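Data from input_18.cif: mmCIF, C-alpha atoms
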```cif
data_model
loop_
_atom_site.group_PDB
_atom_site.id
_atom_site.type_symbol
_atom_site.label_atom_id
_atom_site.label_comp_id
_atom_site.auth_asym_id
_atom_site.auth_seq_id
_atom_site.Cartn_x
_atom_site.Cartn_y
_atom_site.Cartn_z
ATOM 1 C CA MET R 28 -46.645 44.151 33.708
ATOM 2 C CA SER R 29 -48.719 41.110 34.477
ATOM 3 C CA ALA R 30 -47.649 38.544 37.025
ATOM 4 C CA ALA R 31 -45.097 35.956 36.077
ATOM 5 C CA THR R 32 -46.081 32.461 35.118
ATOM 6 C CA PRO R 33 -43.613 30.324 37.104
ATOM 7 C CA PRO R 34 -41.938 27.491 35.189
ATOM 8 C CA THR R 35 -43.764 24.212 35.668
ATOM 9 C CA GLY R 36 -42.316 20.767 36.060
ATOM 10 C CA PRO R 37 -38.748 19.991 37.090
ATOM 11 C CA LEU R 38 -35.956 22.498 37.560
ATOM 12 C CA ARG R 39 -34.796 23.881 34.202
ATOM 13 C CA HIS R 40 -31.184 24.334 33.149
ATOM 14 C CA PHE R 41 -29.669 25.738 29.934
ATOM 15 C CA LEU R 42 -26.699 23.471 29.265
ATOM 16 C CA GLN R 43 -27.131 23.223 25.489
ATOM 17 C CA LEU R 44 -29.501 24.780 22.998
ATOM 18 C CA ARG R 45 -31.723 21.711 22.693
ATOM 19 C CA ASP R 46 -32.619 22.035 26.380
ATOM 20 C CA PHE R 47 -35.236 24.492 25.076
ATOM 21 C CA SER R 48 -37.953 23.898 22.505
ATOM 22 C CA ALA R 49 -38.210 26.034 19.375
ATOM 23 C CA ASP R 50 -41.142 27.861 20.973
ATOM 24 C CA GLU R 51 -39.090 28.637 24.087
ATOM 25 C CA ILE R 52 -36.132 29.869 22.036
ATOM 26 C CA ASN R 53 -38.414 32.143 20.041
ATOM 27 C CA TYR R 54 -39.956 33.451 23.259
ATOM 28 C CA VAL R 55 -36.503 34.292 24.683
ATOM 29 C CA ILE R 56 -35.548 36.048 21.425
ATOM 30 C CA GLU R 57 -38.709 38.175 21.419
ATOM 31 C CA ARG R 58 -38.353 38.916 25.113
ATOM 32 C CA ALA R 59 -34.756 40.010 24.497
ATOM 33 C CA ARG R 60 -35.971 42.456 21.837
ATOM 34 C CA LEU R 61 -38.375 44.014 24.346
ATOM 35 C CA ILE R 62 -35.697 44.199 27.047
ATOM 36 C CA LYS R 63 -33.222 45.730 24.579
ATOM 37 C CA ASP R 64 -35.757 48.339 23.497
ATOM 38 C CA LYS R 65 -36.316 49.378 27.115
ATOM 39 C CA PHE R 66 -32.543 49.485 27.673
ATOM 40 C CA LYS R 67 -32.094 51.816 24.693
ATOM 41 C CA ARG R 68 -34.822 54.107 26.028
ATOM 42 C CA TYR R 69 -33.318 54.115 29.552
ATOM 43 C CA GLN R 70 -36.400 52.485 31.020
ATOM 44 C CA PRO R 71 -35.732 50.414 34.169
ATOM 45 C CA HIS R 72 -36.432 46.703 33.918
ATOM 46 C CA HIS R 73 -35.855 45.194 37.352
ATOM 47 C CA THR R 74 -37.551 41.806 37.086
ATOM 48 C CA LEU R 75 -34.760 40.086 39.032
ATOM 49 C CA HIS R 76 -34.730 42.463 42.003
ATOM 50 C CA ASP R 77 -33.085 40.844 45.031
ATOM 51 C CA ARG R 78 -31.934 37.812 42.995
ATOM 52 C CA THR R 79 -28.275 36.730 42.903
ATOM 53 C CA LEU R 80 -26.253 35.204 40.075
ATOM 54 C CA ALA R 81 -23.054 33.290 40.813
ATOM 55 C CA MET R 82 -20.595 33.204 37.916
ATOM 56 C CA VAL R 83 -18.022 30.397 37.922
ATOM 57 C CA PHE R 84 -15.102 30.859 35.541
ATOM 58 C CA GLU R 85 -12.795 27.933 34.919
ATOM 59 C CA LYS R 86 -11.957 29.495 31.534
ATOM 60 C CA ALA R 87 -10.992 33.120 30.967
ATOM 61 C CA SER R 88 -13.631 35.495 29.631
ATOM 62 C CA THR R 89 -14.344 39.036 28.516
ATOM 63 C CA ARG R 90 -17.744 39.144 26.802
ATOM 64 C CA THR R 91 -19.318 36.427 28.936
ATOM 65 C CA ARG R 92 -18.355 38.094 32.205
ATOM 66 C CA VAL R 93 -19.278 41.638 31.197
ATOM 67 C CA SER R 94 -22.594 40.656 29.602
ATOM 68 C CA PHE R 95 -23.792 38.470 32.486
ATOM 69 C CA GLU R 96 -22.563 40.840 35.190
ATOM 70 C CA ALA R 97 -23.926 44.015 33.613
ATOM 71 C CA GLY R 98 -27.133 42.235 32.630
ATOM 72 C CA THR R 99 -27.827 40.999 36.147
ATOM 73 C CA TYR R 100 -27.294 44.458 37.614
ATOM 74 C CA GLN R 101 -29.555 45.955 34.953
ATOM 75 C CA LEU R 102 -32.275 43.499 35.971
ATOM 76 C CA GLY R 103 -31.954 44.672 39.583
ATOM 77 C CA GLY R 104 -29.980 41.665 40.824
ATOM 78 C CA SER R 105 -26.499 41.140 42.215
ATOM 79 C CA VAL R 106 -23.503 39.092 41.097
ATOM 80 C CA ILE R 107 -20.827 36.952 42.735
ATOM 81 C CA ASN R 108 -17.786 36.193 40.575
ATOM 82 C CA LEU R 109 -15.810 33.004 41.264
ATOM 83 C CA THR R 110 -12.707 31.686 39.544
ATOM 84 C CA THR R 111 -10.885 28.393 39.894
ATOM 85 C CA ALA R 112 -7.888 30.172 41.411
ATOM 86 C CA GLY R 113 -10.028 32.021 43.928
ATOM 87 C CA SER R 114 -12.305 29.211 45.094
ATOM 88 C CA GLN R 115 -12.181 25.671 46.424
ATOM 89 C CA LEU R 116 -12.713 24.382 42.870
ATOM 90 C CA GLY R 117 -9.033 25.115 42.391
ATOM 91 C CA ARG R 118 -8.205 23.044 45.468
ATOM 92 C CA SER R 119 -9.813 19.810 44.263
ATOM 93 C CA GLU R 120 -13.171 20.169 45.966
ATOM 94 C CA PRO R 121 -15.574 17.840 44.149
ATOM 95 C CA ILE R 122 -17.734 19.825 41.756
ATOM 96 C CA GLU R 123 -20.781 18.084 43.203
ATOM 97 C CA ASP R 124 -20.027 19.549 46.656
ATOM 98 C CA THR R 125 -19.478 23.008 45.208
ATOM 99 C CA ALA R 126 -22.839 22.778 43.441
ATOM 100 C CA ARG R 127 -24.650 21.697 46.599
ATOM 101 C CA VAL R 128 -23.252 24.643 48.570
ATOM 102 C CA ILE R 129 -23.432 27.459 46.006
ATOM 103 C CA SER R 130 -26.973 26.594 44.922
ATOM 104 C CA ARG R 131 -28.196 27.011 48.522
ATOM 105 C CA MET R 132 -26.933 30.602 48.554
ATOM 106 C CA VAL R 133 -27.829 32.050 45.137
ATOM 107 C CA ASP R 134 -30.716 31.964 42.677
ATOM 108 C CA LEU R 135 -28.867 31.174 39.460
ATOM 109 C CA VAL R 136 -25.419 29.942 38.394
ATOM 110 C CA MET R 137 -23.556 30.573 35.141
ATOM 111 C CA ILE R 138 -20.515 28.360 34.484
ATOM 112 C CA ARG R 139 -17.791 28.735 31.861
ATOM 113 C CA THR R 140 -15.728 25.571 31.917
ATOM 114 C CA PHE R 141 -14.066 22.780 29.952
ATOM 115 C CA GLU R 142 -15.828 19.444 29.384
ATOM 116 C CA GLN R 143 -19.607 19.424 29.108
ATOM 117 C CA THR R 144 -19.645 16.663 31.709
ATOM 118 C CA ARG R 145 -18.434 19.143 34.344
ATOM 119 C CA ILE R 146 -21.416 21.425 33.931
ATOM 120 C CA GLU R 147 -23.740 18.422 33.746
ATOM 121 C CA ARG R 148 -22.371 17.141 37.072
ATOM 122 C CA PHE R 149 -22.816 20.584 38.600
ATOM 123 C CA ALA R 150 -26.401 20.828 37.356
ATOM 124 C CA ALA R 151 -27.246 17.352 38.643
ATOM 125 C CA HIS R 152 -26.498 18.514 42.201
ATOM 126 C CA SER R 153 -27.851 22.073 41.980
ATOM 127 C CA ARG R 154 -31.052 23.417 43.493
ATOM 128 C CA VAL R 155 -31.140 26.385 41.076
ATOM 129 C CA PRO R 156 -30.942 26.827 37.266
ATOM 130 C CA ILE R 157 -27.518 26.433 35.666
ATOM 131 C CA ILE R 158 -26.495 28.277 32.482
ATOM 132 C CA ASN R 159 -23.731 27.155 30.144
ATOM 133 C CA GLY R 160 -21.494 30.199 29.572
ATOM 134 C CA LEU R 161 -19.272 28.023 27.327
ATOM 135 C CA THR R 162 -17.918 24.488 27.346
ATOM 136 C CA ASN R 163 -15.637 22.639 24.961
ATOM 137 C CA GLU R 164 -18.705 21.087 23.336
ATOM 138 C CA PHE R 165 -21.333 23.876 23.219
ATOM 139 C CA HIS R 166 -21.797 27.661 23.382
ATOM 140 C CA PRO R 167 -25.587 28.111 23.522
ATOM 141 C CA CYS R 168 -25.680 31.688 24.851
ATOM 142 C CA GLN R 169 -23.636 32.897 21.883
ATOM 143 C CA ILE R 170 -25.944 31.215 19.399
ATOM 144 C CA LEU R 171 -28.970 32.796 21.100
ATOM 145 C CA ALA R 172 -27.291 36.180 20.600
ATOM 146 C CA ASP R 173 -26.483 35.338 16.975
ATOM 147 C CA ILE R 174 -30.093 34.364 16.259
ATOM 148 C CA LEU R 175 -31.346 37.562 17.901
ATOM 149 C CA THR R 176 -28.948 39.539 15.703
ATOM 150 C CA PHE R 177 -30.118 37.791 12.549
ATOM 151 C CA VAL R 178 -33.775 38.403 13.443
ATOM 152 C CA GLU R 179 -33.071 42.096 14.011
ATOM 153 C CA HIS R 180 -31.352 42.502 10.641
ATOM 154 C CA ARG R 181 -33.135 40.019 8.373
ATOM 155 C CA GLY R 182 -36.248 38.690 10.137
ATOM 156 C CA SER R 183 -36.974 35.035 10.839
ATOM 157 C CA ILE R 184 -34.103 32.599 10.395
ATOM 158 C CA GLN R 185 -36.483 29.790 9.437
ATOM 159 C CA GLY R 186 -35.817 28.566 5.898
ATOM 160 C CA LYS R 187 -32.532 30.476 5.619
ATOM 161 C CA VAL R 188 -28.997 29.208 4.965
ATOM 162 C CA VAL R 189 -26.199 29.694 7.502
ATOM 163 C CA ALA R 190 -22.632 28.988 6.356
ATOM 164 C CA TRP R 191 -20.147 27.966 9.034
ATOM 165 C CA ILE R 192 -16.555 28.264 7.816
ATOM 166 C CA GLY R 193 -13.766 26.756 9.915
ATOM 167 C CA ASP R 194 -13.271 24.437 12.845
ATOM 168 C CA ALA R 195 -15.851 21.930 14.067
ATOM 169 C CA ASN R 196 -15.895 23.481 17.524
ATOM 170 C CA ASN R 197 -18.484 24.288 20.188
ATOM 171 C CA MET R 198 -20.022 26.991 18.001
ATOM 172 C CA SER R 199 -20.532 24.752 14.967
ATOM 173 C CA TYR R 200 -22.183 21.990 16.983
ATOM 174 C CA THR R 201 -24.501 24.521 18.616
ATOM 175 C CA TRP R 202 -25.371 25.978 15.212
ATOM 176 C CA LEU R 203 -26.353 22.454 14.174
ATOM 177 C CA GLN R 204 -28.712 22.178 17.137
ATOM 178 C CA ALA R 205 -30.198 25.548 16.166
ATOM 179 C CA ALA R 206 -30.762 24.385 12.575
ATOM 180 C CA GLU R 207 -32.545 21.266 13.790
ATOM 181 C CA LEU R 208 -34.750 23.248 16.176
ATOM 182 C CA LEU R 209 -35.512 26.357 14.127
ATOM 183 C CA GLY R 210 -35.804 24.986 10.606
ATOM 184 C CA PHE R 211 -32.898 26.419 8.649
ATOM 185 C CA THR R 212 -30.033 24.817 6.718
ATOM 186 C CA LEU R 213 -26.472 24.792 8.005
ATOM 187 C CA HIS R 214 -23.617 24.671 5.490
ATOM 188 C CA VAL R 215 -20.323 23.613 7.068
ATOM 189 C CA SER R 216 -16.821 23.637 5.592
ATOM 190 C CA GLY R 217 -13.527 22.889 7.282
ATOM 191 C CA PRO R 218 -10.255 21.156 6.404
ATOM 192 C CA GLN R 219 -9.830 17.410 6.650
ATOM 193 C CA GLY R 220 -9.302 16.393 10.260
ATOM 194 C CA TYR R 221 -11.269 19.353 11.636
ATOM 195 C CA ARG R 222 -14.751 18.484 10.428
ATOM 196 C CA LEU R 223 -17.912 17.542 12.293
ATOM 197 C CA ASP R 224 -17.798 14.183 14.031
ATOM 198 C CA PRO R 225 -20.553 11.868 12.715
ATOM 199 C CA ALA R 226 -20.662 10.198 16.127
ATOM 200 C CA ARG R 227 -21.905 13.514 17.525
ATOM 201 C CA THR R 228 -24.057 14.725 14.642
ATOM 202 C CA GLY R 229 -25.879 11.520 13.733
ATOM 203 C CA THR R 230 -27.388 11.683 10.241
ATOM 204 C CA PRO R 231 -29.239 14.992 9.880
ATOM 205 C CA ALA R 232 -31.363 15.513 6.776
ATOM 206 C CA ALA R 233 -29.882 17.523 3.893
ATOM 207 C CA SER R 234 -32.406 20.228 4.720
ATOM 208 C CA VAL R 235 -30.617 20.631 8.073
ATOM 209 C CA LEU R 236 -26.924 20.006 7.330
ATOM 210 C CA ARG R 237 -24.756 20.049 4.224
ATOM 211 C CA GLU R 238 -20.973 19.667 4.397
ATOM 212 C CA PHE R 239 -18.548 21.024 1.806
ATOM 213 C CA ALA R 240 -14.855 20.503 1.139
ATOM 214 C CA ASP R 241 -14.690 23.926 -0.568
ATOM 215 C CA PRO R 242 -15.603 26.882 1.670
ATOM 216 C CA ARG R 243 -16.701 28.923 -1.349
ATOM 217 C CA GLU R 244 -19.307 26.313 -2.179
ATOM 218 C CA ALA R 245 -20.497 26.429 1.430
ATOM 219 C CA CYS R 246 -20.969 30.200 1.192
ATOM 220 C CA ALA R 247 -22.898 30.039 -2.093
ATOM 221 C CA GLY R 248 -26.442 31.269 -1.514
ATOM 222 C CA ALA R 249 -25.925 31.784 2.236
ATOM 223 C CA ASP R 250 -27.934 34.363 4.172
ATOM 224 C CA LEU R 251 -25.391 34.398 6.985
ATOM 225 C CA VAL R 252 -21.672 33.602 6.887
ATOM 226 C CA THR R 253 -20.021 33.027 10.230
ATOM 227 C CA THR R 254 -16.719 31.790 11.607
ATOM 228 C CA ASP R 255 -14.537 31.631 14.705
ATOM 229 C CA VAL R 256 -10.850 31.518 15.583
ATOM 230 C CA TRP R 257 -8.977 28.545 14.196
ATOM 231 C CA THR R 258 -7.549 27.626 17.606
ATOM 232 C CA SER R 259 -10.076 27.461 20.421
ATOM 233 C CA MET R 260 -9.135 27.959 24.060
ATOM 234 C CA GLY R 261 -7.251 24.936 25.358
ATOM 235 C CA PHE R 262 -5.745 24.010 21.979
ATOM 236 C CA GLU R 263 -3.053 26.690 21.833
ATOM 237 C CA ASP R 264 -0.263 24.140 21.376
ATOM 238 C CA GLU R 265 -1.825 23.269 17.992
ATOM 239 C CA ASN R 266 -1.796 26.866 16.780
ATOM 240 C CA GLU R 267 0.866 26.568 14.064
ATOM 241 C CA VAL R 268 -0.458 23.253 12.733
ATOM 242 C CA ARG R 269 -3.970 24.668 12.587
ATOM 243 C CA ARG R 270 -2.814 27.858 10.887
ATOM 244 C CA ARG R 271 -1.405 25.820 8.035
ATOM 245 C CA ALA R 272 -4.413 23.498 7.844
ATOM 246 C CA PHE R 273 -6.965 26.343 7.755
ATOM 247 C CA ALA R 274 -5.091 28.625 5.336
ATOM 248 C CA ASP R 275 -7.812 28.280 2.665
ATOM 249 C CA TRP R 276 -10.655 28.849 5.140
ATOM 250 C CA CYS R 277 -10.188 32.563 5.722
ATOM 251 C CA VAL R 278 -13.483 34.376 5.081
ATOM 252 C CA ASP R 279 -12.674 37.029 2.512
ATOM 253 C CA ALA R 280 -14.515 39.250 0.040
ATOM 254 C CA GLU R 281 -14.573 36.469 -2.568
ATOM 255 C CA MET R 282 -16.414 34.125 -0.209
ATOM 256 C CA MET R 283 -18.878 36.837 0.775
ATOM 257 C CA SER R 284 -19.523 37.662 -2.884
ATOM 258 C CA GLY R 285 -20.807 34.120 -3.411
ATOM 259 C CA ALA R 286 -23.364 34.481 -0.629
ATOM 260 C CA ASN R 287 -26.719 36.188 -1.161
ATOM 261 C CA PRO R 288 -26.370 39.917 -1.901
ATOM 262 C CA ASP R 289 -27.897 40.855 1.446
ATOM 263 C CA ALA R 290 -25.964 38.221 3.440
ATOM 264 C CA ILE R 291 -24.508 39.292 6.757
ATOM 265 C CA PHE R 292 -21.291 38.255 8.500
ATOM 266 C CA MET R 293 -20.885 37.232 12.139
ATOM 267 C CA HIS R 294 -17.997 36.278 14.404
ATOM 268 C CA CYS R 295 -18.318 35.517 18.125
ATOM 269 C CA LEU R 296 -15.004 37.299 18.874
ATOM 270 C CA PRO R 297 -12.182 37.726 19.660
ATOM 271 C CA ALA R 298 -11.154 37.827 15.997
ATOM 272 C CA HIS R 299 -7.773 37.531 14.308
ATOM 273 C CA ARG R 300 -7.881 39.656 11.175
ATOM 274 C CA GLY R 301 -5.922 38.043 8.382
ATOM 275 C CA GLU R 302 -6.451 34.549 9.773
ATOM 276 C CA GLU R 303 -10.039 33.278 9.970
ATOM 277 C CA VAL R 304 -11.430 36.527 8.513
ATOM 278 C CA MET R 305 -10.072 39.411 6.491
ATOM 279 C CA GLY R 306 -10.377 42.927 7.830
ATOM 280 C CA GLU R 307 -12.364 43.974 4.757
ATOM 281 C CA VAL R 308 -15.098 41.550 5.832
ATOM 282 C CA ILE R 309 -15.276 41.951 9.607
ATOM 283 C CA ASP R 310 -14.965 45.730 9.298
ATOM 284 C CA GLY R 311 -17.076 45.941 6.151
ATOM 285 C CA PRO R 312 -20.728 46.837 5.515
ATOM 286 C CA GLN R 313 -22.015 43.253 5.759
ATOM 287 C CA SER R 314 -20.566 42.717 9.218
ATOM 288 C CA VAL R 315 -22.893 42.824 12.236
ATOM 289 C CA VAL R 316 -20.346 41.613 14.794
ATOM 290 C CA TRP R 317 -20.727 44.585 17.129
ATOM 291 C CA ASP R 318 -24.502 44.191 17.306
ATOM 292 C CA GLU R 319 -23.875 40.478 17.799
ATOM 293 C CA ALA R 320 -21.516 41.137 20.716
ATOM 294 C CA GLU R 321 -23.938 43.566 22.380
ATOM 295 C CA ASN R 322 -26.803 41.148 22.004
ATOM 296 C CA ARG R 323 -25.166 38.736 24.435
ATOM 297 C CA LEU R 324 -26.211 41.259 27.077
ATOM 298 C CA HIS R 325 -29.857 41.429 26.082
ATOM 299 C CA VAL R 326 -30.505 37.797 25.235
ATOM 300 C CA GLN R 327 -28.904 36.594 28.457
ATOM 301 C CA LYS R 328 -31.110 38.941 30.450
ATOM 302 C CA ALA R 329 -34.122 37.351 28.776
ATOM 303 C CA LEU R 330 -32.682 33.887 29.421
ATOM 304 C CA MET R 331 -32.100 34.493 33.134
ATOM 305 C CA GLU R 332 -35.543 36.016 33.493
ATOM 306 C CA PHE R 333 -37.156 33.026 31.785
ATOM 307 C CA LEU R 334 -35.323 30.438 33.872
ATOM 308 C CA LEU R 335 -36.293 32.156 37.120
ATOM 309 C CA LEU R 336 -39.718 33.614 36.358
ATOM 310 C CA GLY R 337 -41.077 31.759 33.359
ATOM 311 C CA ARG R 338 -43.021 33.608 30.690
ATOM 312 C CA LEU R 339 -43.941 37.194 31.446
ATOM 313 C CA GLY R 340 -46.968 38.871 29.893
#
```
Can you turn what I pasted into structure tokens?
Amino acid sequence: MSAATPPTGPLRHFLQLRDFSADEINYVIERARLIKDKFKRYQPHHTLHDRTLAMVFEKASTRTRVSFEAGTYQLGGSVINLTTAGSQLGRSEPIEDTARVISRMVDLVMIRTFEQTRIERFAAHSRVPIINGLTNEFHPCQILADILTFVEHRGSIQGKVVAWIGDANNMSYTWLQAAELLGFTLHVSGPQGYRLDPARTGTPAASVLREFADPREACAGADLVTTDVWTSMGFEDENEVRRRAFADWCVDAEMMSGANPDAIFMHCLPAHRGEEVMGEVIDGPQSVVWDEAENRLHVQKALMEFLLLGRLG
């Protein structure tokens, strides 16, 4: 392996997808494919030997914790896991002070938290790269994994159609950033009151975003159909109201039949069969959700490597 090309310019963070250029996203995707191939062939890949990742969880997690923790160990590094209950963050220490201290002791920090402003404040006072493991507004690591999964199964996502069915949540807004960066069209459909906020989206071209009142119309001609739970973390008190509002937005076989014949289905998990997706879809032949879940591991390894070492030859 040739020597690393260290990142140039100011310290880089990954707080939302548009923090990277299209070229950088494509590099991370291709690097993840190489890292995954070595993983499958049991070849060591210890590019982050003697580096330490701190993980800060202010929201509960399964896939984010396992993928980042296992991935760091597989790269030869070590991990420190912090929660709000088990750290001074839970005792009202200013997040700026926590950032100043932690970033003097580790090489990289991943944060899973609530408002995007919290991770932005942390990053503003950090001496090391910060990764968004999920906020209320964005989920960029998941979309990186989703793009990697699409590339593996169907090739380049450029020029394709992705149908998002359901809530205008952190996933949908990150998919919109991906469409703008990577040159595909995003179809979005959700019930009235749960649609994309124009104040956040601006006025994307029709080649980037099309919104539909009918989810079946949104799925028509799609190369990828994807969804998420109707009630995101932190909105549990709205569960019954949302269940009624989203009743017609359950991805079923009829919706999938309107998509392209070789369309695939994704879900970032956890899934509620019979609510946002029927079992016949998520457990059916068009579903790639298990590859999608695994790919969090590989794409995040590539992401951490890139933030710390730059491009590797």
Explicit residues for the PyMOL selection byres ((chain R and resi 158) around 8) (as a count of residues only): 11
Pick from R:Met198, R:Val278, R:Leu209, R:Val178, whichever lies nearest to R:Asn163 using all atoms listed in the file: R:Met198
Which of R:Leu213, R:Ala151, R:Leu251, R:Val256 sits closest to R:Arg237 [using all atoms listed in the file]: R:Leu213
R:Glu321 environment, 9 Å, only C-alpha atoms, sequence neighbours closer than 3 positions dropped, as an MDAnalysis selection string: chainID R and resid 90 94 172 316:318 324:325
Hits from the PyMOL selection byres ((chain R and resi 102) around 7), listed as a PyMOL selection string: chain R and resi 72-76+98-101+103-104
d(atom CA of R:Leu61, atom CA of R:Val326) in Å: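 About the pair atom CA of R:Leu61 and atom CA of R:Val326: they are 10.1 Å apart.
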Atom-to-atom span, atom CA of R:Ala126 and atom CA of R:Val93, Å: 22.8 Å
Between atom CA of R:Ile122 and atom CA of R:Leu80, distance in Å (one decimal):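 Computing it gives 17.7 Å between the two atoms.
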Residue neighbourhood R:Met282, 10 Å, only C-alpha atoms, exclusion window fewer than 3 positions, as a PyMOL selection string: chain R and resi 192+242-247+252+276-279+285-286+308
